[in-house]
>>> print(open('my_file_33.tsv').read())   # TSV, C-alpha atoms and all ligand atoms
chain	number	residue	atom	x	y	z
A	1	MET	CA	3.97	-29.64	-46.47
A	2	PRO	CA	5.01	-27.25	-43.66
A	3	GLN	CA	4.24	-28.29	-40.09
A	4	LYS	CA	1.08	-26.46	-39.06
A	5	VAL	CA	1.35	-25.13	-35.49
A	6	ARG	CA	-1.52	-23.63	-33.54
A	7	ILE	CA	-0.59	-21.46	-30.56
A	8	ILE	CA	-3.08	-21.51	-27.68
A	9	GLY	CA	-2.44	-19.22	-24.71
A	10	VAL	CA	-3.75	-20.21	-21.28
A	11	PRO	CA	-2.99	-17.41	-18.79
A	12	MET	CA	-3.79	-19.62	-15.80
A	13	ASP	CA	-2.89	-18.23	-12.40
A	14	LEU	CA	-5.23	-20.26	-10.20
A	15	GLY	CA	-3.03	-23.29	-9.54
A	16	GLN	CA	-0.42	-21.63	-7.36
A	17	SER	CA	0.01	-18.72	-4.99
A	18	ARG	CA	2.88	-16.76	-6.52
A	19	ARG	CA	1.34	-14.24	-8.89
A	20	GLY	CA	2.59	-13.51	-12.36
A	21	VAL	CA	2.68	-16.79	-14.26
A	22	ASP	CA	-0.46	-15.66	-16.10
A	23	MET	CA	1.88	-13.35	-18.02
A	24	GLY	CA	3.61	-16.35	-19.58
A	25	PRO	CA	1.73	-16.40	-22.91
A	26	SER	CA	2.36	-12.68	-23.46
A	27	ALA	CA	6.02	-12.98	-22.51
A	28	LEU	CA	6.56	-15.79	-25.01
A	29	ARG	CA	4.76	-13.90	-27.78
A	30	VAL	CA	6.69	-10.70	-27.05
A	31	ALA	CA	9.91	-12.72	-27.16
A	32	GLY	CA	9.09	-13.60	-30.77
A	33	LEU	CA	7.73	-17.14	-30.63
A	34	ALA	CA	5.69	-17.01	-33.85
A	35	PRO	CA	8.46	-15.47	-36.03
A	36	ARG	CA	10.89	-18.10	-34.69
A	37	LEU	CA	8.51	-20.91	-35.60
A	38	LYS	CA	8.08	-19.41	-39.07
A	39	GLN	CA	11.86	-19.28	-39.45
A	40	LEU	CA	11.85	-23.00	-38.72
A	41	GLY	CA	9.46	-23.46	-41.62
A	42	CYS	CA	6.24	-23.85	-39.65
A	43	GLN	CA	2.91	-22.40	-40.65
A	44	VAL	CA	1.64	-20.61	-37.52
A	45	ASP	CA	-1.91	-19.92	-36.39
A	46	ASP	CA	-2.09	-18.02	-33.09
A	47	ILE	CA	-5.66	-18.10	-31.80
A	48	GLY	CA	-4.93	-15.94	-28.75
A	49	ASN	CA	-5.76	-16.88	-25.18
A	50	ILE	CA	-8.59	-18.98	-23.84
A	51	SER	CA	-10.51	-17.39	-21.01
A	52	VAL	CA	-9.47	-18.07	-17.41
A	53	LYS	CA	-11.18	-16.88	-14.24
A	54	GLN	CA	-9.28	-14.39	-12.10
A	55	PRO	CA	-8.35	-15.42	-8.55
A	56	GLU	CA	-9.50	-12.06	-7.17
A	57	GLU	CA	-13.03	-12.74	-8.32
A	58	GLN	CA	-13.88	-15.79	-6.24
A	59	PRO	CA	-13.05	-17.66	-3.06
A	60	TYR	CA	-10.64	-20.55	-3.52
A	61	GLY	CA	-13.11	-23.10	-2.13
A	62	GLU	CA	-11.75	-26.39	-0.83
A	63	LYS	CA	-8.36	-25.61	0.72
A	64	ARG	CA	-6.79	-28.96	-0.14
A	65	ALA	CA	-7.34	-28.19	-3.85
A	66	LYS	CA	-7.75	-24.47	-4.33
A	67	TYR	CA	-9.83	-23.19	-7.28
A	68	LEU	CA	-10.36	-26.82	-8.35
A	69	ASN	CA	-13.66	-26.20	-10.18
A	70	GLU	CA	-12.38	-23.14	-12.03
A	71	ILE	CA	-9.23	-25.01	-13.06
A	72	ALA	CA	-11.23	-28.03	-14.23
A	73	GLU	CA	-13.50	-25.76	-16.29
A	74	THR	CA	-10.52	-24.14	-18.04
A	75	CYS	CA	-8.85	-27.51	-18.62
A	76	ARG	CA	-12.02	-28.89	-20.21
A	77	GLY	CA	-12.19	-25.94	-22.61
A	78	LEU	CA	-8.51	-26.40	-23.40
A	79	ALA	CA	-8.96	-30.14	-24.04
A	80	GLU	CA	-11.71	-29.37	-26.57
A	81	MET	CA	-9.53	-26.79	-28.29
A	82	ILE	CA	-6.62	-29.23	-28.50
A	83	GLU	CA	-8.77	-31.98	-29.97
A	84	LYS	CA	-10.19	-29.57	-32.53
A	85	SER	CA	-6.70	-28.37	-33.47
A	86	LEU	CA	-5.41	-31.91	-33.96
A	87	THR	CA	-8.49	-32.78	-36.03
A	88	GLU	CA	-7.73	-29.77	-38.25
A	89	GLY	CA	-4.16	-30.95	-38.76
A	90	TYR	CA	-2.41	-28.57	-36.37
A	91	LEU	CA	0.21	-29.37	-33.76
A	92	PRO	CA	-1.19	-27.60	-30.68
A	93	LEU	CA	1.39	-25.51	-28.81
A	94	VAL	CA	-0.05	-24.47	-25.46
A	95	LEU	CA	1.49	-21.56	-23.53
A	96	GLY	CA	0.91	-21.34	-19.76
A	97	GLY	CA	0.16	-20.31	-17.18
A	98	ASP	CA	0.79	-22.54	-14.24
A	99	HIS	CA	1.25	-26.26	-14.80
A	100	SER	CA	-2.30	-27.25	-13.81
A	101	ILE	CA	-3.22	-26.63	-17.48
A	102	ALA	CA	-1.36	-29.82	-18.42
A	103	VAL	CA	-4.41	-31.82	-17.30
A	104	GLY	CA	-6.34	-30.23	-20.16
A	105	THR	CA	-3.51	-30.66	-22.64
A	106	ALA	CA	-3.09	-34.35	-21.86
A	107	ALA	CA	-6.85	-34.94	-21.98
A	108	GLY	CA	-7.17	-33.23	-25.36
A	109	VAL	CA	-4.31	-35.13	-26.98
A	110	SER	CA	-5.40	-38.42	-25.43
A	111	GLY	CA	-9.01	-37.89	-26.48
A	112	TYR	CA	-8.09	-37.24	-30.10
A	113	PHE	CA	-6.01	-40.42	-30.33
A	114	ARG	CA	-8.52	-42.46	-28.35
A	115	LYS	CA	-11.19	-41.82	-30.97
A	116	GLN	CA	-8.94	-43.65	-33.41
A	117	SER	CA	-8.29	-46.40	-30.85
A	118	LYS	CA	-4.75	-45.08	-30.38
A	119	ARG	CA	-2.71	-44.15	-27.32
A	120	VAL	CA	-0.08	-41.54	-26.54
A	121	GLY	CA	2.87	-41.28	-24.17
A	122	LEU	CA	3.98	-38.23	-22.22
A	123	LEU	CA	7.34	-36.58	-21.58
A	124	TRP	CA	7.21	-34.44	-18.44
A	125	LEU	CA	10.16	-32.05	-18.27
A	126	ASP	CA	10.13	-30.41	-14.85
A	127	ALA	CA	12.08	-29.74	-11.65
A	128	HIS	CA	9.06	-31.12	-9.78
A	129	GLY	CA	7.01	-34.29	-9.91
A	130	ASP	CA	3.60	-32.57	-9.84
A	131	MET	CA	2.46	-35.88	-8.36
A	132	ASN	CA	0.59	-34.60	-5.30
A	133	THR	CA	-3.07	-35.21	-4.58
A	134	PRO	CA	-5.38	-33.18	-2.32
A	135	ASP	CA	-4.51	-35.68	0.44
A	136	SER	CA	-0.75	-35.34	0.12
A	137	SER	CA	-0.33	-31.70	-0.95
A	138	PRO	CA	1.24	-29.48	1.71
A	139	SER	CA	-0.15	-26.32	0.05
A	140	GLY	CA	-3.41	-27.30	-1.66
A	141	ASN	CA	-2.09	-25.69	-4.85
A	142	VAL	CA	-3.33	-27.61	-7.87
A	143	HIS	CA	-0.19	-26.87	-9.92
A	144	GLY	CA	1.47	-29.61	-7.83
A	145	MET	CA	-1.15	-32.18	-8.87
A	146	PRO	CA	-1.50	-32.32	-12.67
A	147	LEU	CA	0.65	-35.36	-13.42
A	148	ALA	CA	-0.99	-37.41	-10.66
A	149	SER	CA	-4.40	-36.47	-12.12
A	150	ILE	CA	-3.35	-37.38	-15.66
A	151	ILE	CA	-2.43	-40.92	-14.59
A	152	GLY	CA	-5.56	-41.35	-12.48
A	153	TYR	CA	-4.80	-40.21	-8.92
A	154	GLY	CA	-6.46	-37.19	-7.37
A	155	PRO	CA	-9.71	-35.24	-7.46
A	156	PRO	CA	-12.40	-36.69	-9.76
A	157	GLU	CA	-12.92	-33.20	-11.23
A	158	LEU	CA	-9.50	-33.56	-12.89
A	159	VAL	CA	-9.01	-37.33	-13.05
A	160	ASP	CA	-12.29	-37.77	-14.96
A	161	LEU	CA	-12.13	-34.44	-16.76
A	162	VAL	CA	-13.15	-35.96	-20.09
A	163	GLY	CA	-14.99	-39.00	-18.76
A	164	TYR	CA	-12.29	-41.67	-18.56
A	165	HIS	CA	-8.97	-42.27	-16.82
A	166	PRO	CA	-6.10	-42.43	-16.97
A	167	THR	CA	-5.77	-40.17	-20.00
A	168	ILE	CA	-2.17	-41.39	-20.27
A	169	GLU	CA	-0.92	-44.75	-18.99
A	170	PRO	CA	1.72	-44.32	-16.26
A	171	ARG	CA	4.09	-46.76	-17.95
A	172	ASN	CA	4.23	-44.38	-20.93
A	173	VAL	CA	4.97	-41.35	-18.75
A	174	CYS	CA	8.58	-40.28	-18.29
A	175	LEU	CA	9.68	-37.48	-15.97
A	176	VAL	CA	12.97	-35.74	-16.77
A	177	GLY	CA	14.97	-33.12	-14.88
A	178	ILE	CA	13.46	-33.90	-11.48
A	179	ARG	CA	15.23	-32.38	-8.46
A	180	ASP	CA	12.53	-31.48	-5.94
A	181	LEU	CA	10.09	-34.17	-4.77
A	182	ASP	CA	7.94	-34.42	-1.65
A	183	SER	CA	8.26	-37.78	0.13
A	184	LYS	CA	4.68	-38.80	-0.66
A	185	GLU	CA	5.20	-37.93	-4.31
A	186	ARG	CA	8.27	-40.10	-4.37
A	187	ARG	CA	6.22	-43.05	-3.15
A	188	LEU	CA	3.37	-42.46	-5.60
A	189	ILE	CA	5.80	-42.21	-8.52
A	190	LYS	CA	7.34	-45.52	-7.52
A	191	ASP	CA	3.99	-47.26	-7.03
A	192	SER	CA	2.51	-45.87	-10.26
A	193	GLY	CA	5.05	-47.35	-12.66
A	194	GLU	CA	6.11	-44.05	-14.23
A	195	HIS	CA	9.72	-43.65	-15.35
A	196	VAL	CA	11.93	-40.95	-13.83
A	197	PHE	CA	15.23	-39.34	-14.76
A	198	THR	CA	16.53	-36.96	-12.12
A	199	MET	CA	19.17	-34.27	-12.60
A	200	ARG	CA	21.65	-36.77	-11.23
A	201	ASP	CA	20.85	-39.14	-14.10
A	202	ILE	CA	21.43	-36.25	-16.50
A	203	ASP	CA	24.76	-35.43	-14.79
A	204	GLU	CA	25.92	-39.01	-14.97
A	205	ARG	CA	24.65	-40.04	-18.39
A	206	GLY	CA	24.14	-36.81	-20.31
A	207	LEU	CA	20.85	-35.44	-21.61
A	208	ARG	CA	21.19	-37.00	-25.04
A	209	GLU	CA	21.16	-40.54	-23.69
A	210	VAL	CA	18.52	-39.76	-21.05
A	211	MET	CA	16.17	-38.27	-23.65
A	212	SER	CA	16.61	-41.19	-26.04
A	213	GLU	CA	15.60	-43.56	-23.29
A	214	ALA	CA	12.74	-41.30	-22.14
A	215	ILE	CA	11.37	-41.18	-25.67
A	216	ARG	CA	11.63	-44.96	-25.87
A	217	PHE	CA	9.50	-45.33	-22.71
A	218	ALA	CA	6.94	-42.78	-23.91
A	219	SER	CA	6.65	-44.33	-27.35
A	220	ASP	CA	6.53	-47.95	-26.23
A	221	ASP	CA	3.34	-49.26	-27.85
A	222	THR	CA	1.94	-45.74	-28.39
A	223	ASP	CA	1.13	-43.76	-31.54
A	224	GLY	CA	2.54	-40.41	-30.48
A	225	ILE	CA	4.05	-38.40	-27.66
A	226	ALA	CA	2.82	-35.31	-25.83
A	227	VAL	CA	5.46	-33.08	-24.25
A	228	SER	CA	4.86	-30.96	-21.17
A	229	LEU	CA	7.70	-28.57	-20.41
A	230	ASP	CA	7.69	-26.67	-17.15
A	231	LEU	CA	10.17	-23.83	-17.63
A	232	ASP	CA	11.61	-24.59	-14.19
A	233	PHE	CA	13.14	-27.65	-15.91
A	234	VAL	CA	15.74	-25.09	-16.97
A	235	ASP	CA	18.13	-23.67	-14.38
A	236	PRO	CA	16.95	-20.37	-12.84
A	237	GLU	CA	20.19	-18.75	-14.11
A	238	ASP	CA	18.77	-19.11	-17.62
A	239	ALA	CA	15.03	-19.04	-16.88
A	240	PRO	CA	14.44	-16.91	-13.78
A	241	GLY	CA	10.85	-15.94	-14.62
A	242	VAL	CA	9.09	-18.99	-13.17
A	243	GLY	CA	6.82	-19.49	-10.16
A	244	THR	CA	8.86	-22.11	-8.31
A	245	PRO	CA	12.54	-21.95	-9.34
A	246	VAL	CA	14.89	-24.72	-8.17
A	247	ARG	CA	18.67	-24.40	-8.56
A	248	GLY	CA	20.61	-27.06	-10.40
A	249	GLY	CA	18.53	-27.40	-13.56
A	250	VAL	CA	19.54	-27.97	-17.17
A	251	THR	CA	21.49	-25.29	-19.01
A	252	TYR	CA	20.30	-23.10	-21.88
A	253	ARG	CA	22.15	-25.38	-24.31
A	254	GLU	CA	20.81	-28.62	-22.84
A	255	ALA	CA	17.27	-27.23	-22.99
A	256	HIS	CA	17.50	-27.31	-26.79
A	257	LEU	CA	18.27	-31.00	-26.92
A	258	PRO	CA	14.94	-32.63	-25.98
A	259	THR	CA	13.17	-31.00	-28.92
A	260	ALA	CA	16.02	-31.78	-31.31
A	261	ASN	CA	15.51	-35.52	-30.97
A	301	MN	MN	7.72	-27.38	-11.88
>>> encode(input="my_file_33.tsv", output="structure tokens", more="lines below")
Ligand SMILES: [Mn+2]
Amino acid sequence: MPQKVRIIGVPMDLGQSRRGVDMGPSALRVAGLAPRLKQLGCQVDDIGNISVKQPEEQPYGEKRAKYLNEIAETCRGLAEMIEKSLTEGYLPLVLGGDHSIAVGTAAGVSGYFRKQSKRVGLLWLDAHGDMNTPDSSPSGNVHGMPLASIIGYGPPELVDLVGYHPTIEPRNVCLVGIRDLDSKERRLIKDSGEHVFTMRDIDERGLREVMSEAIRFASDDTDGIAVSLDLDFVDPEDAPGVGTPVRGGVTYREAHLPTAN
């Protein structure tokens, strides 16, 4: 049986202030994502993009968490779509969009497994921790808050998106590729019990070993793993088209390794 993959585009541009990341789903499609997946033997169902409000159309509201309600609404729709896809036997492949959409992805995957009394872990591949809350965020941009929300810290609109929290237990969350953390994020990561591999760990131990250990943390006592890849995990030399590039990321070659495990 071929792996059934369902592509879901989420052109979200509300979580951060640098415009353009809403073009992500189109860029990935234009670059030939579906044909590549078919080459790999997958059966592909691209359902297009889910609808996202445009930042020009409304005020951002609370300045410590801009466009929070609009982001929560999109994430809830995405979570439903993910759960439906999993129920129908598809592996959901979500294309962003800024990283605030990961709250919806995690909620959808978690919700599907929860109905079978199962749990999932999460691999978070990113230059950033995305572990801010409205109280700690210097910018009020929600794209810096999704991982905190997933493990139960932050605005109730996101933390309780699907009626329970955390959607993923912090001890089954592993961050990889980290090289830009705010000091409050650093503290919250430590206190939460998440696992972290920075770029320095990758330099010293190699990505192969780091990923094996990360997968072990994420799969400890769980029934599956969700993966959230922020393209800024990759060095800006290889992936310049991101909202918040940080030098010193993984190479083009290394970026293939996490998925090859
Ligand atoms: Mn990032």
>>> closest_atom_pairs(input="my_file_33.tsv", of="region 104-152 of chain A", to="region 17-40 of chain A", cutoff="10 Å", atoms="only C-alpha atoms", output="Markdown table")
| residue | atom | partner | partner_atom | distance |
| --- | --- | --- | --- | --- |
| A:Ser139 | CA | A:Ser17 | CA | 9.1 |
| A:Gly140 | CA | A:Ser17 | CA | 9.8 |
| A:Asn141 | CA | A:Ser17 | CA | 7.3 |
| A:Val142 | CA | A:Ser17 | CA | 9.9 |
| A:His143 | CA | A:Ser17 | CA | 9.5 |
>>> residues_around(input="my_file_33.tsv", residues="region 105-117 of chain A", least_positions_apart="5", cutoff="6 Å", atoms="all atoms listed in the file", output="list of chain:residue names")
A:Ala79, A:Ile82, A:Glu83, A:Thr167
>>> atom_distance(input="my_file_33.tsv", atom1="CA of Asn132 (chain A)", atom2="CA of Lys184 (chain A)")
7.5 Å
>>> residues_near_ligand(input="my_file_33.tsv", ligand="ligand MN 301 (chain A)", cutoff="9 Å", atoms="all atoms listed in the file", output="MDAnalysis selection string")
chainID A and resid 98:99 125:130 143:144 178 180 229:233 242:246
>>> residues_near_point(input="my_file_33.tsv", point="(2.9, -29.4, -42.4)", cutoff="10 Å", atoms="only C-alpha atoms", output="count of residues only")
11
>>> atom_distance(input="my_file_33.tsv", atom1="CA of Ser192 (chain A)", atom2="CA of His165 (chain A)")
13.7 Å
>>> atom_distance(input="my_file_33.tsv", atom1="CA of Pro59 (chain A)", atom2="CA of Gly152 (chain A)")
26.6 Å
>>> residues_around(input="my_file_33.tsv", residues="Ile101 (chain A)", least_positions_apart="4", cutoff="10 Å", atoms="only C-alpha atoms", output="ChimeraX atom specification")
/A:10-15,71-72,74-76,78-79,94-97,105-106,142-143,146,228
>>> decode(input="my_file_33.tsv", residues="region 177-215 of chain A", atoms="N, CA and C atoms", output="tab-separated table (two decimals), in the first residue's frame")
chain	number	residue	atom	x	y	z
A	177	GLY	N	18.18	22.21	16.44
A	177	GLY	CA	18.68	23.25	15.53
A	177	GLY	C	18.66	24.65	16.11
A	178	ILE	N	18.37	24.72	17.42
A	178	ILE	CA	18.13	26.00	18.10
A	178	ILE	C	19.41	26.84	18.14
A	179	ARG	N	19.28	28.13	17.78
A	179	ARG	CA	20.43	29.04	17.85
A	179	ARG	C	20.03	30.47	18.13
A	180	ASP	N	18.77	30.71	18.50
A	180	ASP	CA	18.35	32.07	18.81
A	180	ASP	C	17.20	32.02	19.82
A	181	LEU	N	17.55	32.18	21.11
A	181	LEU	CA	16.54	32.11	22.17
A	181	LEU	C	16.54	33.41	22.96
A	182	ASP	N	15.34	33.88	23.34
A	182	ASP	CA	15.25	34.99	24.28
A	182	ASP	C	15.50	34.42	25.68
A	183	SER	N	15.94	35.30	26.62
A	183	SER	CA	16.32	34.77	27.94
A	183	SER	C	15.13	34.16	28.68
A	184	LYS	N	13.95	34.75	28.50
A	184	LYS	CA	12.78	34.17	29.17
A	184	LYS	C	12.37	32.83	28.56
A	185	GLU	N	12.58	32.71	27.27
A	185	GLU	CA	12.30	31.43	26.61
A	185	GLU	C	13.20	30.34	27.15
A	186	ARG	N	14.46	30.73	27.31
A	186	ARG	CA	15.45	29.78	27.82
A	186	ARG	C	14.99	29.21	29.17
A	187	ARG	N	14.50	30.11	30.03
A	187	ARG	CA	14.06	29.68	31.35
A	187	ARG	C	12.84	28.76	31.24
A	188	LEU	N	11.88	29.16	30.40
A	188	LEU	CA	10.65	28.36	30.28
A	188	LEU	C	10.96	26.97	29.70
A	189	ILE	N	11.88	26.91	28.76
A	189	ILE	CA	12.26	25.61	28.20
A	189	ILE	C	12.82	24.72	29.30
A	190	LYS	N	13.70	25.29	30.10
A	190	LYS	CA	14.31	24.54	31.20
A	190	LYS	C	13.26	24.04	32.18
A	191	ASP	N	12.38	24.97	32.60
A	191	ASP	CA	11.37	24.63	33.60
A	191	ASP	C	10.36	23.62	33.07
A	192	SER	N	10.11	23.65	31.76
A	192	SER	CA	9.02	22.83	31.21
A	192	SER	C	9.36	21.35	31.11
A	193	GLY	N	10.65	21.03	31.00
A	193	GLY	CA	11.02	19.63	30.83
A	193	GLY	C	11.15	19.19	29.38
A	194	GLU	N	11.08	20.12	28.45
A	194	GLU	CA	11.34	19.78	27.04
A	194	GLU	C	12.81	19.43	26.87
A	195	HIS	N	13.12	18.75	25.76
A	195	HIS	CA	14.51	18.43	25.43
A	195	HIS	C	14.98	19.37	24.31
A	196	VAL	N	16.23	19.76	24.36
A	196	VAL	CA	16.75	20.71	23.37
A	196	VAL	C	18.10	20.27	22.83
A	197	PHE	N	18.24	20.33	21.52
A	197	PHE	CA	19.55	20.19	20.88
A	197	PHE	C	19.83	21.46	20.10
A	198	THR	N	20.87	22.17	20.49
A	198	THR	CA	21.23	23.42	19.81
A	198	THR	C	22.12	23.10	18.60
A	199	MET	N	22.46	24.12	17.84
A	199	MET	CA	23.39	23.92	16.73
A	199	MET	C	24.74	23.44	17.25
A	200	ARG	N	25.09	23.88	18.45
A	200	ARG	CA	26.37	23.42	19.01
A	200	ARG	C	26.36	21.91	19.22
A	201	ASP	N	25.23	21.38	19.72
A	201	ASP	CA	25.13	19.93	19.87
A	201	ASP	C	25.30	19.24	18.52
A	202	ILE	N	24.71	19.83	17.47
A	202	ILE	CA	24.82	19.24	16.14
A	202	ILE	C	26.27	19.30	15.66
A	203	ASP	N	26.94	20.43	15.92
A	203	ASP	CA	28.36	20.55	15.56
A	203	ASP	C	29.20	19.48	16.25
A	204	GLU	N	28.93	19.30	17.53
A	204	GLU	CA	29.79	18.41	18.31
A	204	GLU	C	29.48	16.93	18.10
A	205	ARG	N	28.20	16.62	17.88
A	205	ARG	CA	27.83	15.20	17.85
A	205	ARG	C	27.35	14.72	16.49
A	206	GLY	N	27.06	15.66	15.59
A	206	GLY	CA	26.55	15.28	14.28
A	206	GLY	C	25.03	15.11	14.33
A	207	LEU	N	24.40	15.39	13.20
A	207	LEU	CA	22.93	15.41	13.17
A	207	LEU	C	22.34	14.01	13.31
A	208	ARG	N	23.07	13.03	12.77
A	208	ARG	CA	22.57	11.66	12.84
A	208	ARG	C	22.32	11.22	14.29
A	209	GLU	N	23.33	11.45	15.12
A	209	GLU	CA	23.21	11.03	16.51
A	209	GLU	C	22.19	11.88	17.26
A	210	VAL	N	22.19	13.20	16.97
A	210	VAL	CA	21.23	14.10	17.62
A	210	VAL	C	19.80	13.69	17.27
A	211	MET	N	19.55	13.39	15.99
A	211	MET	CA	18.18	13.02	15.60
A	211	MET	C	17.75	11.69	16.21
A	212	SER	N	18.68	10.74	16.29
A	212	SER	CA	18.31	9.46	16.91
A	212	SER	C	17.85	9.67	18.34
A	213	GLU	N	18.60	10.52	19.05
A	213	GLU	CA	18.24	10.77	20.44
A	213	GLU	C	16.93	11.56	20.53
A	214	ALA	N	16.76	12.54	19.63
A	214	ALA	CA	15.54	13.36	19.62
A	214	ALA	C	14.32	12.47	19.39
A	215	ILE	N	14.45	11.54	18.45
A	215	ILE	CA	13.34	10.64	18.14
A	215	ILE	C	13.05	9.74	19.34
